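**Student:** Structure below; questions to follow.
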There are 2 protein chains.
Amino acid sequence: MSSKFIDNPLNCPVTRTISIIGGKWKPIILNCIGDRTIRFGKLNQIIPSISNKVLSSELRELEQYGLIHRIEFTEMPPRVEYSLTNAGKSLLPLLLELANWGNTHTAKKIIKEFT
Amino acid sequence: MSSKFIDNPLNCPVTRTISIIGGKWKPIILNCIGDRTIRFGKLNQIIPSISNKVLSSELRELEQYGLIHRIEFTEMPPRVEYSLTNAGKSLLPLLLELANWGNTHTAKKIIKEFT
DNA sequence: TAATTTGGTTACCTTTTGGTTACTTGTATT
DNA sequence: AATACAAGTAACCAAAAGGTAACCAAATTA
C-alpha cells in the first residue's frame with residue numbers, strides 16, 4: 001500500500017472514517033475547534049499534552065483533507081486562526097456521539113480501572 | 001503517564017472515548033462483530049488486512065475492557081466465539097455514526113484523493 | 001501416513017507515531 | 001540592549017504499533 005489508508009477503504013464506511021480521522025489526536029482537535037474560530041496557541045493550551053510539533057502536523061493534515069480552514073494573518077507576532085469547513089462541520093454529530101459515549105458510566109469505569 | 005491513556009482523560013469525554021476505542025482497528029472490529037456472534041477466523045476473513053497477531057491482541061484488549069465476550073469451546077480444532085457485551089452494544093450508535101460519515105460524499109472524496 | 005483444520009503465540013523486524021530541544025522572525029516592551 | 005511574543009520548523013531520538021514467518025495442539029480427512 002502506498003498511502004496511510006487501510007486496505008480496501010472503498011468497501012467499508014467505518015474503515016474510511018477511521019482512515020481519515022482515526023488516530024490519537026484528530027477527533028480531539030476537531031472537537032476542540034467545534035463551532036468557533038480558534039488560534040494555534042489556544043488549542044495548545046486546551047490540549048496541553050499534545051506537543052506543538054504534533055498539533056501543527058495534525059492541523060496541516062486536516063487542512064489538506066479540507067476539514068479545516070487555516071487563515072494566516074501577516075502580523076508580528078504571527079496570528080493563525082483555525083475553524084471547521086462545512087465538510088469538517090459535517091463531523092459534528094459524530095463528535096457529539098463520541099462525547100456522549102465518553103460521558104457514560106461504562107467509559108468512565110474503564111478509564112478508572114485501567115489508568 | 002503510566003498507561004496508554006491520554007493525559008487528563010477524566011476531563012474530556014472525547015478523549016476518554018478515543019483512549020478506549022481509538023486506534024486503527026478497534027472500531028472496525030467492534031462494527032464487524034455488531035449484533036452477531038462471530039468466530040475468530042470469520043473476523044480475520046472479513047478484515048483481511050489485519051494480521052492475526054494484531055486481531056488477537058485487539059480482541060484481548062476489548063475483552064479486558066468488558067466490551068466483548070469471548071467464549072472458548074474445548075474442541076479440536078478449537079472454536080472461539082466473540083460477541084458484544086451490553087457495554088459493547090452501547091457503542092453501536094456511535095459505530096453507526098462512524099459508518100454514516102464514511103458513506104458521505106465528503107469521506108469518499110478524501111479517500112479517493114489521497115489513496 | 002500425511003495433510004488439514006482453528007485459534008492462536010513467539011520471536012523478530014520495520015514503520016509509524018510521538019516527544020524534546022533548540023531555533024526563527026519582526027515588532028514591542030522593559 | 002535584551003527579552004518576550006506567536007506560530008511554527010528542523011534535527012534528533014524513544015516508544016509504540018504493526019507486520020512476517022514459523023510454530024503448536026489434537027482430531028479429522030484423504
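Chain lettering (A, B, ...) mirrors the order of the C-alpha cells, residue numbering begins at 1 for each chain separately, and ligand numbering begins at 1 in order of display.
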Write down as a PyMOL selection string the residues of range 1-107 of chain A whose backbone DSSP state falls under helix (DSSP H, G or I).
**Tutor:** chain A and resi 13-21+26-33+40-46+52-64+86-89+92-102+105-107
**Student:** Can you list every residue of chain B that has an atom at most 12 Å from chain C, with its nearest atom pair and the distance in Å to one decimal, using only C-alpha atoms (C1' of nucleotides), ordered by chain then number, as JSON lines?
**Tutor:**
{"residue": "B:Gly23", "atom": "CA", "partner": "C:DT17", "partner_atom": "C1'", "distance": 11.7}
{"residue": "B:Arg39", "atom": "CA", "partner": "C:DG7", "partner_atom": "C1'", "distance": 9.4}
{"residue": "B:Phe40", "atom": "CA", "partner": "C:DG7", "partner_atom": "C1'", "distance": 7.0}
{"residue": "B:Gly41", "atom": "CA", "partner": "C:DT6", "partner_atom": "C1'", "distance": 7.5}
{"residue": "B:Lys42", "atom": "CA", "partner": "C:DT6", "partner_atom": "C1'", "distance": 10.8}
{"residue": "B:Leu43", "atom": "CA", "partner": "C:DG7", "partner_atom": "C1'", "distance": 11.7}
{"residue": "B:Asn44", "atom": "CA", "partner": "C:DG7", "partner_atom": "C1'", "distance": 10.7}
{"residue": "B:Ser51", "atom": "CA", "partner": "C:DG8", "partner_atom": "C1'", "distance": 11.6}
{"residue": "B:Asn52", "atom": "CA", "partner": "C:DG8", "partner_atom": "C1'", "distance": 8.0}
{"residue": "B:Lys53", "atom": "CA", "partner": "C:DG8", "partner_atom": "C1'", "distance": 8.1}
{"residue": "B:Val54", "atom": "CA", "partner": "C:DG8", "partner_atom": "C1'", "distance": 11.1}
{"residue": "B:Leu55", "atom": "CA", "partner": "C:DG8", "partner_atom": "C1'", "distance": 10.2}
{"residue": "B:Ser56", "atom": "CA", "partner": "C:DG8", "partner_atom": "C1'", "distance": 7.5}
{"residue": "B:Ser57", "atom": "CA", "partner": "C:DG8", "partner_atom": "C1'", "distance": 10.2}
{"residue": "B:Leu59", "atom": "CA", "partner": "C:DG8", "partner_atom": "C1'", "distance": 11.7}
{"residue": "B:Arg60", "atom": "CA", "partner": "C:DG8", "partner_atom": "C1'", "distance": 11.6}
{"residue": "B:Glu72", "atom": "CA", "partner": "C:DG7", "partner_atom": "C1'", "distance": 9.8}
{"residue": "B:Phe73", "atom": "CA", "partner": "C:DG7", "partner_atom": "C1'", "distance": 11.0}
{"residue": "B:Thr74", "atom": "CA", "partner": "C:DG7", "partner_atom": "C1'", "distance": 11.5}
{"residue": "B:Glu75", "atom": "CA", "partner": "C:DT6", "partner_atom": "C1'", "distance": 9.6}
{"residue": "B:Met76", "atom": "CA", "partner": "C:DT6", "partner_atom": "C1'", "distance": 7.8}
{"residue": "B:Pro77", "atom": "CA", "partner": "C:DT6", "partner_atom": "C1'", "distance": 5.0}
{"residue": "B:Pro78", "atom": "CA", "partner": "C:DT6", "partner_atom": "C1'", "distance": 5.1}
{"residue": "B:Arg79", "atom": "CA", "partner": "C:DT6", "partner_atom": "C1'", "distance": 6.6}
{"residue": "B:Val80", "atom": "CA", "partner": "C:DG7", "partner_atom": "C1'", "distance": 7.4}
{"residue": "B:Glu81", "atom": "CA", "partner": "C:DG7", "partner_atom": "C1'", "distance": 10.5}
**Student:** If you keep N, CA, C and O atoms, can you produce a file of those selected residues as an mmCIF file, in the first residue's frame?
**Tutor:**
data_model
loop_
_atom_site.group_PDB
_atom_site.id
_atom_site.type_symbol
_atom_site.label_atom_id
_atom_site.label_comp_id
_atom_site.auth_asym_id
_atom_site.auth_seq_id
_atom_site.Cartn_x
_atom_site.Cartn_y
_atom_site.Cartn_z
ATOM 1 N N GLY B 23 -7.604 4.230 17.684
ATOM 2 C CA GLY B 23 -6.663 3.321 17.054
ATOM 3 C C GLY B 23 -7.221 2.803 15.752
ATOM 4 O O GLY B 23 -8.376 3.036 15.409
ATOM 5 N N ARG B 39 -16.874 -15.993 14.869
ATOM 6 C CA ARG B 39 -15.647 -16.700 15.209
ATOM 7 C C ARG B 39 -14.413 -15.930 14.765
ATOM 8 O O ARG B 39 -14.479 -15.080 13.880
ATOM 9 N N PHE B 40 -13.309 -16.250 15.406
ATOM 10 C CA PHE B 40 -12.037 -15.584 15.096
ATOM 11 C C PHE B 40 -11.727 -15.631 13.594
ATOM 12 O O PHE B 40 -11.428 -14.605 12.981
ATOM 13 N N GLY B 41 -11.832 -16.808 13.040
ATOM 14 C CA GLY B 41 -11.481 -16.968 11.637
ATOM 15 C C GLY B 41 -12.364 -16.163 10.698
ATOM 16 O O GLY B 41 -11.905 -15.645 9.684
ATOM 17 N N LYS B 42 -13.608 -16.030 11.077
ATOM 18 C CA LYS B 42 -14.535 -15.250 10.266
ATOM 19 C C LYS B 42 -14.162 -13.765 10.291
ATOM 20 O O LYS B 42 -14.183 -13.088 9.253
ATOM 21 N N LEU B 43 -13.807 -13.268 11.474
ATOM 22 C CA LEU B 43 -13.359 -11.881 11.591
ATOM 23 C C LEU B 43 -12.126 -11.651 10.723
ATOM 24 O O LEU B 43 -12.013 -10.640 10.022
ATOM 25 N N ASN B 44 -11.201 -12.572 10.805
ATOM 26 C CA ASN B 44 -9.977 -12.485 10.031
ATOM 27 C C ASN B 44 -10.262 -12.432 8.537
ATOM 28 O O ASN B 44 -9.559 -11.781 7.767
ATOM 29 N N SER B 51 -3.442 -8.518 10.623
ATOM 30 C CA SER B 51 -2.739 -9.773 10.892
ATOM 31 C C SER B 51 -3.404 -10.462 12.081
ATOM 32 O O SER B 51 -4.034 -9.811 12.914
ATOM 33 N N ASN B 52 -3.286 -11.771 12.176
ATOM 34 C CA ASN B 52 -3.963 -12.425 13.287
ATOM 35 C C ASN B 52 -3.292 -12.111 14.621
ATOM 36 O O ASN B 52 -3.934 -12.131 15.654
ATOM 37 N N LYS B 53 -2.043 -11.728 14.590
ATOM 38 C CA LYS B 53 -1.412 -11.273 15.833
ATOM 39 C C LYS B 53 -2.128 -10.046 16.370
ATOM 40 O O LYS B 53 -2.499 -9.990 17.546
ATOM 41 N N VAL B 54 -2.318 -9.075 15.503
ATOM 42 C CA VAL B 54 -2.948 -7.823 15.932
ATOM 43 C C VAL B 54 -4.418 -8.057 16.247
ATOM 44 O O VAL B 54 -4.925 -7.566 17.261
ATOM 45 N N LEU B 55 -5.100 -8.847 15.418
ATOM 46 C CA LEU B 55 -6.501 -9.129 15.696
ATOM 47 C C LEU B 55 -6.652 -9.759 17.078
ATOM 48 O O LEU B 55 -7.489 -9.340 17.882
ATOM 49 N N SER B 56 -5.793 -10.707 17.365
ATOM 50 C CA SER B 56 -5.919 -11.382 18.651
ATOM 51 C C SER B 56 -5.619 -10.437 19.815
ATOM 52 O O SER B 56 -6.297 -10.456 20.839
ATOM 53 N N SER B 57 -4.621 -9.562 19.656
ATOM 54 C CA SER B 57 -4.333 -8.672 20.786
ATOM 55 C C SER B 57 -5.398 -7.598 20.948
ATOM 56 O O SER B 57 -5.732 -7.220 22.074
ATOM 57 N N LEU B 59 -8.571 -8.022 20.246
ATOM 58 C CA LEU B 59 -9.708 -8.702 20.850
ATOM 59 C C LEU B 59 -9.490 -8.890 22.348
ATOM 60 O O LEU B 59 -10.412 -8.689 23.149
ATOM 61 N N ARG B 60 -8.270 -9.235 22.722
ATOM 62 C CA ARG B 60 -7.998 -9.411 24.148
ATOM 63 C C ARG B 60 -8.175 -8.114 24.908
ATOM 64 O O ARG B 60 -8.702 -8.092 26.023
ATOM 65 N N GLU B 72 -14.800 -19.767 24.649
ATOM 66 C CA GLU B 72 -13.893 -20.741 24.075
ATOM 67 C C GLU B 72 -14.492 -22.131 24.248
ATOM 68 O O GLU B 72 -14.830 -22.535 25.360
ATOM 69 N N PHE B 73 -14.615 -22.859 23.171
ATOM 70 C CA PHE B 73 -15.117 -24.227 23.229
ATOM 71 C C PHE B 73 -13.920 -25.166 23.230
ATOM 72 O O PHE B 73 -12.997 -24.973 22.428
ATOM 73 N N THR B 74 -13.948 -26.121 24.133
ATOM 74 C CA THR B 74 -12.797 -27.028 24.193
ATOM 75 C C THR B 74 -12.994 -28.157 23.187
ATOM 76 O O THR B 74 -13.339 -29.275 23.531
ATOM 77 N N GLU B 75 -12.798 -27.780 21.958
ATOM 78 C CA GLU B 75 -12.930 -28.713 20.854
ATOM 79 C C GLU B 75 -11.610 -28.728 20.109
ATOM 80 O O GLU B 75 -10.770 -27.861 20.295
ATOM 81 N N MET B 76 -11.475 -29.683 19.232
ATOM 82 C CA MET B 76 -10.299 -29.693 18.395
ATOM 83 C C MET B 76 -10.750 -30.021 16.969
ATOM 84 O O MET B 76 -11.405 -31.039 16.775
ATOM 85 N N PRO B 77 -10.375 -29.134 15.990
ATOM 86 C CA PRO B 77 -9.698 -27.841 16.153
ATOM 87 C C PRO B 77 -10.528 -26.861 16.972
ATOM 88 O O PRO B 77 -11.753 -26.984 17.024
ATOM 89 N N PRO B 78 -9.848 -25.908 17.585
ATOM 90 C CA PRO B 78 -10.519 -25.014 18.534
ATOM 91 C C PRO B 78 -11.609 -24.157 17.905
ATOM 92 O O PRO B 78 -11.627 -23.909 16.701
ATOM 93 N N ARG B 79 -12.525 -23.716 18.747
ATOM 94 C CA ARG B 79 -13.556 -22.791 18.311
ATOM 95 C C ARG B 79 -13.708 -21.726 19.377
ATOM 96 O O ARG B 79 -13.812 -22.029 20.564
ATOM 97 N N VAL B 80 -13.679 -20.479 18.963
ATOM 98 C CA VAL B 80 -13.838 -19.366 19.889
ATOM 99 C C VAL B 80 -14.839 -18.404 19.279
ATOM 100 O O VAL B 80 -14.727 -18.056 18.102
ATOM 101 N N GLU B 81 -15.820 -18.012 20.070
ATOM 102 C CA GLU B 81 -16.840 -17.110 19.555
ATOM 103 C C GLU B 81 -16.821 -15.769 20.283
ATOM 104 O O GLU B 81 -16.755 -15.726 21.505
#
**Student:** Produce the least-squares-superposed copy of chain B, fitted on chain A over all in-order C-alpha pairs, as a tab-separated table (two decimals) with C-alpha atoms, in the first residue's frame.
**Tutor:**
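Listed below is the output, result22.tsv:
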chain	number	residue	atom	x	y	z
B	1	MET	CA	-0.19	-0.09	0.16
B	2	SER	CA	1.23	3.26	-0.80
B	3	SER	CA	-0.85	5.53	1.43
B	4	LYS	CA	-1.61	5.71	5.10
B	5	PHE	CA	-5.09	4.42	4.40
B	6	ILE	CA	-6.14	0.94	5.36
B	7	ASP	CA	-6.66	-1.69	2.65
B	8	ASN	CA	-10.00	-1.77	0.89
B	9	PRO	CA	-11.07	1.59	2.25
B	10	LEU	CA	-13.56	1.91	-0.55
B	11	ASN	CA	-15.57	-1.03	0.66
B	12	CYS	CA	-16.15	-0.28	4.33
B	13	PRO	CA	-17.52	3.03	5.57
B	14	VAL	CA	-16.14	2.59	9.08
B	15	THR	CA	-12.71	1.92	7.65
B	16	ARG	CA	-12.97	5.06	5.54
B	17	THR	CA	-13.83	7.20	8.54
B	18	ILE	CA	-11.04	5.72	10.63
B	19	SER	CA	-8.58	6.23	7.80
B	20	ILE	CA	-9.43	9.93	7.78
B	21	ILE	CA	-9.97	10.92	11.40
B	22	GLY	CA	-8.59	7.90	13.24
B	23	GLY	CA	-5.62	8.30	15.45
B	24	LYS	CA	-4.94	9.73	18.82
B	25	TRP	CA	-5.50	13.42	18.25
B	26	LYS	CA	-7.66	14.27	15.24
B	27	PRO	CA	-11.09	13.82	16.83
B	28	ILE	CA	-9.96	15.73	19.90
B	29	ILE	CA	-8.66	18.60	17.79
B	30	LEU	CA	-11.78	18.74	15.64
B	31	ASN	CA	-13.97	18.70	18.71
B	32	CYS	CA	-11.95	21.48	20.33
B	33	ILE	CA	-12.36	23.65	17.29
B	34	GLY	CA	-16.08	22.92	17.13
B	35	ASP	CA	-18.12	25.90	16.06
B	36	ARG	CA	-15.59	28.56	16.86
B	37	THR	CA	-12.56	30.16	15.31
B	38	ILE	CA	-9.56	29.40	17.40
B	39	ARG	CA	-5.89	30.24	17.39
B	40	PHE	CA	-3.02	27.78	17.45
B	41	GLY	CA	-1.90	28.81	20.89
B	42	LYS	CA	-5.36	28.44	22.32
B	43	LEU	CA	-5.64	24.89	20.99
B	44	ASN	CA	-2.27	24.10	22.49
B	45	GLN	CA	-3.50	25.40	25.79
B	46	ILE	CA	-6.76	23.46	25.72
B	47	ILE	CA	-4.96	20.23	24.77
B	48	PRO	CA	-1.87	20.59	26.93
B	49	SER	CA	-0.54	17.07	26.42
B	50	ILE	CA	-0.06	17.41	22.68
B	51	SER	CA	3.28	18.74	21.51
B	52	ASN	CA	3.17	21.67	19.13
B	53	LYS	CA	5.01	19.61	16.54
B	54	VAL	CA	2.23	17.05	16.48
B	55	LEU	CA	-0.51	19.66	16.77
B	56	SER	CA	0.87	21.51	13.80
B	57	SER	CA	1.21	18.40	11.65
B	58	GLU	CA	-2.26	17.18	12.53
B	59	LEU	CA	-3.71	20.56	11.67
B	60	ARG	CA	-1.91	20.55	8.35
B	61	GLU	CA	-3.29	17.13	7.55
B	62	LEU	CA	-6.83	18.14	8.46
B	63	GLU	CA	-6.42	21.19	6.27
B	64	GLN	CA	-5.28	19.04	3.36
B	65	TYR	CA	-8.37	16.92	3.76
B	66	GLY	CA	-10.48	20.06	3.54
B	67	LEU	CA	-11.85	19.64	7.05
B	68	ILE	CA	-10.47	22.87	8.49
B	69	HIS	CA	-9.71	26.39	7.34
B	70	ARG	CA	-6.39	27.96	8.19
B	71	ILE	CA	-6.20	31.72	8.00
B	72	GLU	CA	-2.83	33.29	8.49
B	73	PHE	CA	-2.55	36.97	9.34
B	74	THR	CA	0.67	38.62	8.33
B	75	GLU	CA	1.28	40.21	11.67
B	76	MET	CA	4.12	40.05	14.08
B	77	PRO	CA	3.98	38.11	16.32
B	78	PRO	CA	2.06	35.85	13.96
B	79	ARG	CA	-1.61	35.01	14.24
B	80	VAL	CA	-3.25	31.99	12.68
B	81	GLU	CA	-6.90	31.10	13.07
B	82	TYR	CA	-8.44	27.70	12.58
B	83	SER	CA	-12.07	26.80	12.02
B	84	LEU	CA	-14.07	23.94	10.57
B	85	THR	CA	-15.06	23.92	6.91
B	86	ASN	CA	-18.52	22.70	5.99
B	87	ALA	CA	-17.00	19.26	5.48
B	88	GLY	CA	-15.49	19.50	8.94
B	89	LYS	CA	-18.80	20.63	10.39
B	90	SER	CA	-20.42	17.52	8.93
B	91	LEU	CA	-18.39	15.63	11.53
B	92	LEU	CA	-20.01	17.38	14.46
B	93	PRO	CA	-22.79	14.80	15.01
B	94	LEU	CA	-20.18	12.07	15.08
B	95	LEU	CA	-18.04	14.05	17.52
B	96	LEU	CA	-21.12	14.51	19.66
B	97	GLU	CA	-21.68	10.76	19.77
B	98	LEU	CA	-18.02	10.34	20.68
B	99	ALA	CA	-18.50	12.77	23.56
B	100	ASN	CA	-21.76	11.16	24.62
B	101	TRP	CA	-20.21	7.76	24.92
B	102	GLY	CA	-17.24	9.21	26.77
B	103	ASN	CA	-19.69	10.52	29.33
B	104	THR	CA	-21.25	7.15	30.04
B	105	HIS	CA	-20.58	5.28	33.22
B	106	THR	CA	-19.13	2.47	31.11
B	107	ALA	CA	-16.43	4.69	29.64
B	108	LYS	CA	-15.56	6.30	32.93
B	109	LYS	CA	-15.29	2.94	34.64
B	110	ILE	CA	-12.90	1.57	32.01
B	111	ILE	CA	-10.67	4.63	32.25
B	112	LYS	CA	-10.65	4.43	36.03
B	113	GLU	CA	-9.75	0.76	36.03
B	114	PHE	CA	-6.95	0.92	33.50
B	115	THR	CA	-5.28	4.24	34.28
**Student:** Pick out the closest residue to chain B from this set: D:DA11, D:DA16, D:DA22, D:DA2. Count only C-alpha atoms (C1' of nucleotides).
**Tutor:**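 Checking each candidate against chain B, we get D:DA16 as the closest.
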**Student:** Residues of chain D within 10 Å of chain B, counting only C-alpha atoms (C1' of nucleotides) - could you list those as a list of chain:residue names?
**Tutor:**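 Close enough to count are D:DA16, D:DA17, D:DG18, D:DG19, D:DT20, D:DA25, D:DA26, D:DA27, D:DT28.
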**Student:** Using DSSP on the backbone, list every residue of range 3-113 of chain B that comes out as strand (DSSP E or B), and give them as a list of chain:residue names.
**Tutor:**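 Residues meeting the strand (DSSP E or B) criterion: B:Ile38, B:Arg39, B:Ile68, B:His69, B:Arg70, B:Ile71, B:Glu72, B:Phe73, B:Arg79, B:Val80, B:Glu81, B:Tyr82, B:Ser83, B:Leu84.
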**Student:** May I have the selected residues written with N, CA, C and O atoms, as an mmCIF file, in the first residue's frame?
**Tutor:**
data_model
loop_
_atom_site.group_PDB
_atom_site.id
_atom_site.type_symbol
_atom_site.label_atom_id
_atom_site.label_comp_id
_atom_site.auth_asym_id
_atom_site.auth_seq_id
_atom_site.Cartn_x
_atom_site.Cartn_y
_atom_site.Cartn_z
ATOM 1 N N ILE B 38 -19.554 -14.240 16.408
ATOM 2 C CA ILE B 38 -18.679 -14.473 15.259
ATOM 3 C C ILE B 38 -17.374 -15.117 15.702
ATOM 4 O O ILE B 38 -16.871 -14.820 16.785
ATOM 5 N N ARG B 39 -16.874 -15.993 14.869
ATOM 6 C CA ARG B 39 -15.647 -16.700 15.209
ATOM 7 C C ARG B 39 -14.413 -15.930 14.765
ATOM 8 O O ARG B 39 -14.479 -15.080 13.880
ATOM 9 N N ILE B 68 -16.381 -6.925 24.877
ATOM 10 C CA ILE B 68 -16.768 -8.144 24.161
ATOM 11 C C ILE B 68 -16.676 -9.382 25.062
ATOM 12 O O ILE B 68 -15.911 -9.412 26.028
ATOM 13 N N HIS B 69 -17.504 -10.357 24.704
ATOM 14 C CA HIS B 69 -17.451 -11.682 25.308
ATOM 15 C C HIS B 69 -16.551 -12.559 24.452
ATOM 16 O O HIS B 69 -16.549 -12.444 23.224
ATOM 17 N N ARG B 70 -15.859 -13.458 25.133
ATOM 18 C CA ARG B 70 -15.048 -14.439 24.408
ATOM 19 C C ARG B 70 -15.399 -15.802 24.975
ATOM 20 O O ARG B 70 -15.188 -16.065 26.158
ATOM 21 N N ILE B 71 -15.981 -16.650 24.151
ATOM 22 C CA ILE B 71 -16.357 -17.971 24.611
ATOM 23 C C ILE B 71 -15.549 -19.018 23.861
ATOM 24 O O ILE B 71 -15.599 -19.097 22.637
ATOM 25 N N GLU B 72 -14.800 -19.767 24.649
ATOM 26 C CA GLU B 72 -13.893 -20.741 24.075
ATOM 27 C C GLU B 72 -14.492 -22.131 24.248
ATOM 28 O O GLU B 72 -14.830 -22.535 25.360
ATOM 29 N N PHE B 73 -14.615 -22.859 23.171
ATOM 30 C CA PHE B 73 -15.117 -24.227 23.229
ATOM 31 C C PHE B 73 -13.920 -25.166 23.230
ATOM 32 O O PHE B 73 -12.997 -24.973 22.428
ATOM 33 N N ARG B 79 -12.525 -23.716 18.747
ATOM 34 C CA ARG B 79 -13.556 -22.791 18.311
ATOM 35 C C ARG B 79 -13.708 -21.726 19.377
ATOM 36 O O ARG B 79 -13.812 -22.029 20.564
ATOM 37 N N VAL B 80 -13.679 -20.479 18.963
ATOM 38 C CA VAL B 80 -13.838 -19.366 19.889
ATOM 39 C C VAL B 80 -14.839 -18.404 19.279
ATOM 40 O O VAL B 80 -14.727 -18.056 18.102
ATOM 41 N N GLU B 81 -15.820 -18.012 20.070
ATOM 42 C CA GLU B 81 -16.840 -17.110 19.555
ATOM 43 C C GLU B 81 -16.821 -15.769 20.283
ATOM 44 O O GLU B 81 -16.755 -15.726 21.505
ATOM 45 N N TYR B 82 -16.903 -14.724 19.505
ATOM 46 C CA TYR B 82 -16.902 -13.373 20.054
ATOM 47 C C TYR B 82 -18.252 -12.710 19.833
ATOM 48 O O TYR B 82 -18.893 -12.900 18.804
ATOM 49 N N SER B 83 -18.644 -11.916 20.827
ATOM 50 C CA SER B 83 -19.863 -11.108 20.672
ATOM 51 C C SER B 83 -19.739 -9.887 21.567
ATOM 52 O O SER B 83 -18.880 -9.833 22.449
ATOM 53 N N LEU B 84 -20.592 -8.904 21.331
ATOM 54 C CA LEU B 84 -20.536 -7.691 22.148
ATOM 55 C C LEU B 84 -21.246 -7.909 23.483
ATOM 56 O O LEU B 84 -22.295 -8.546 23.546
#
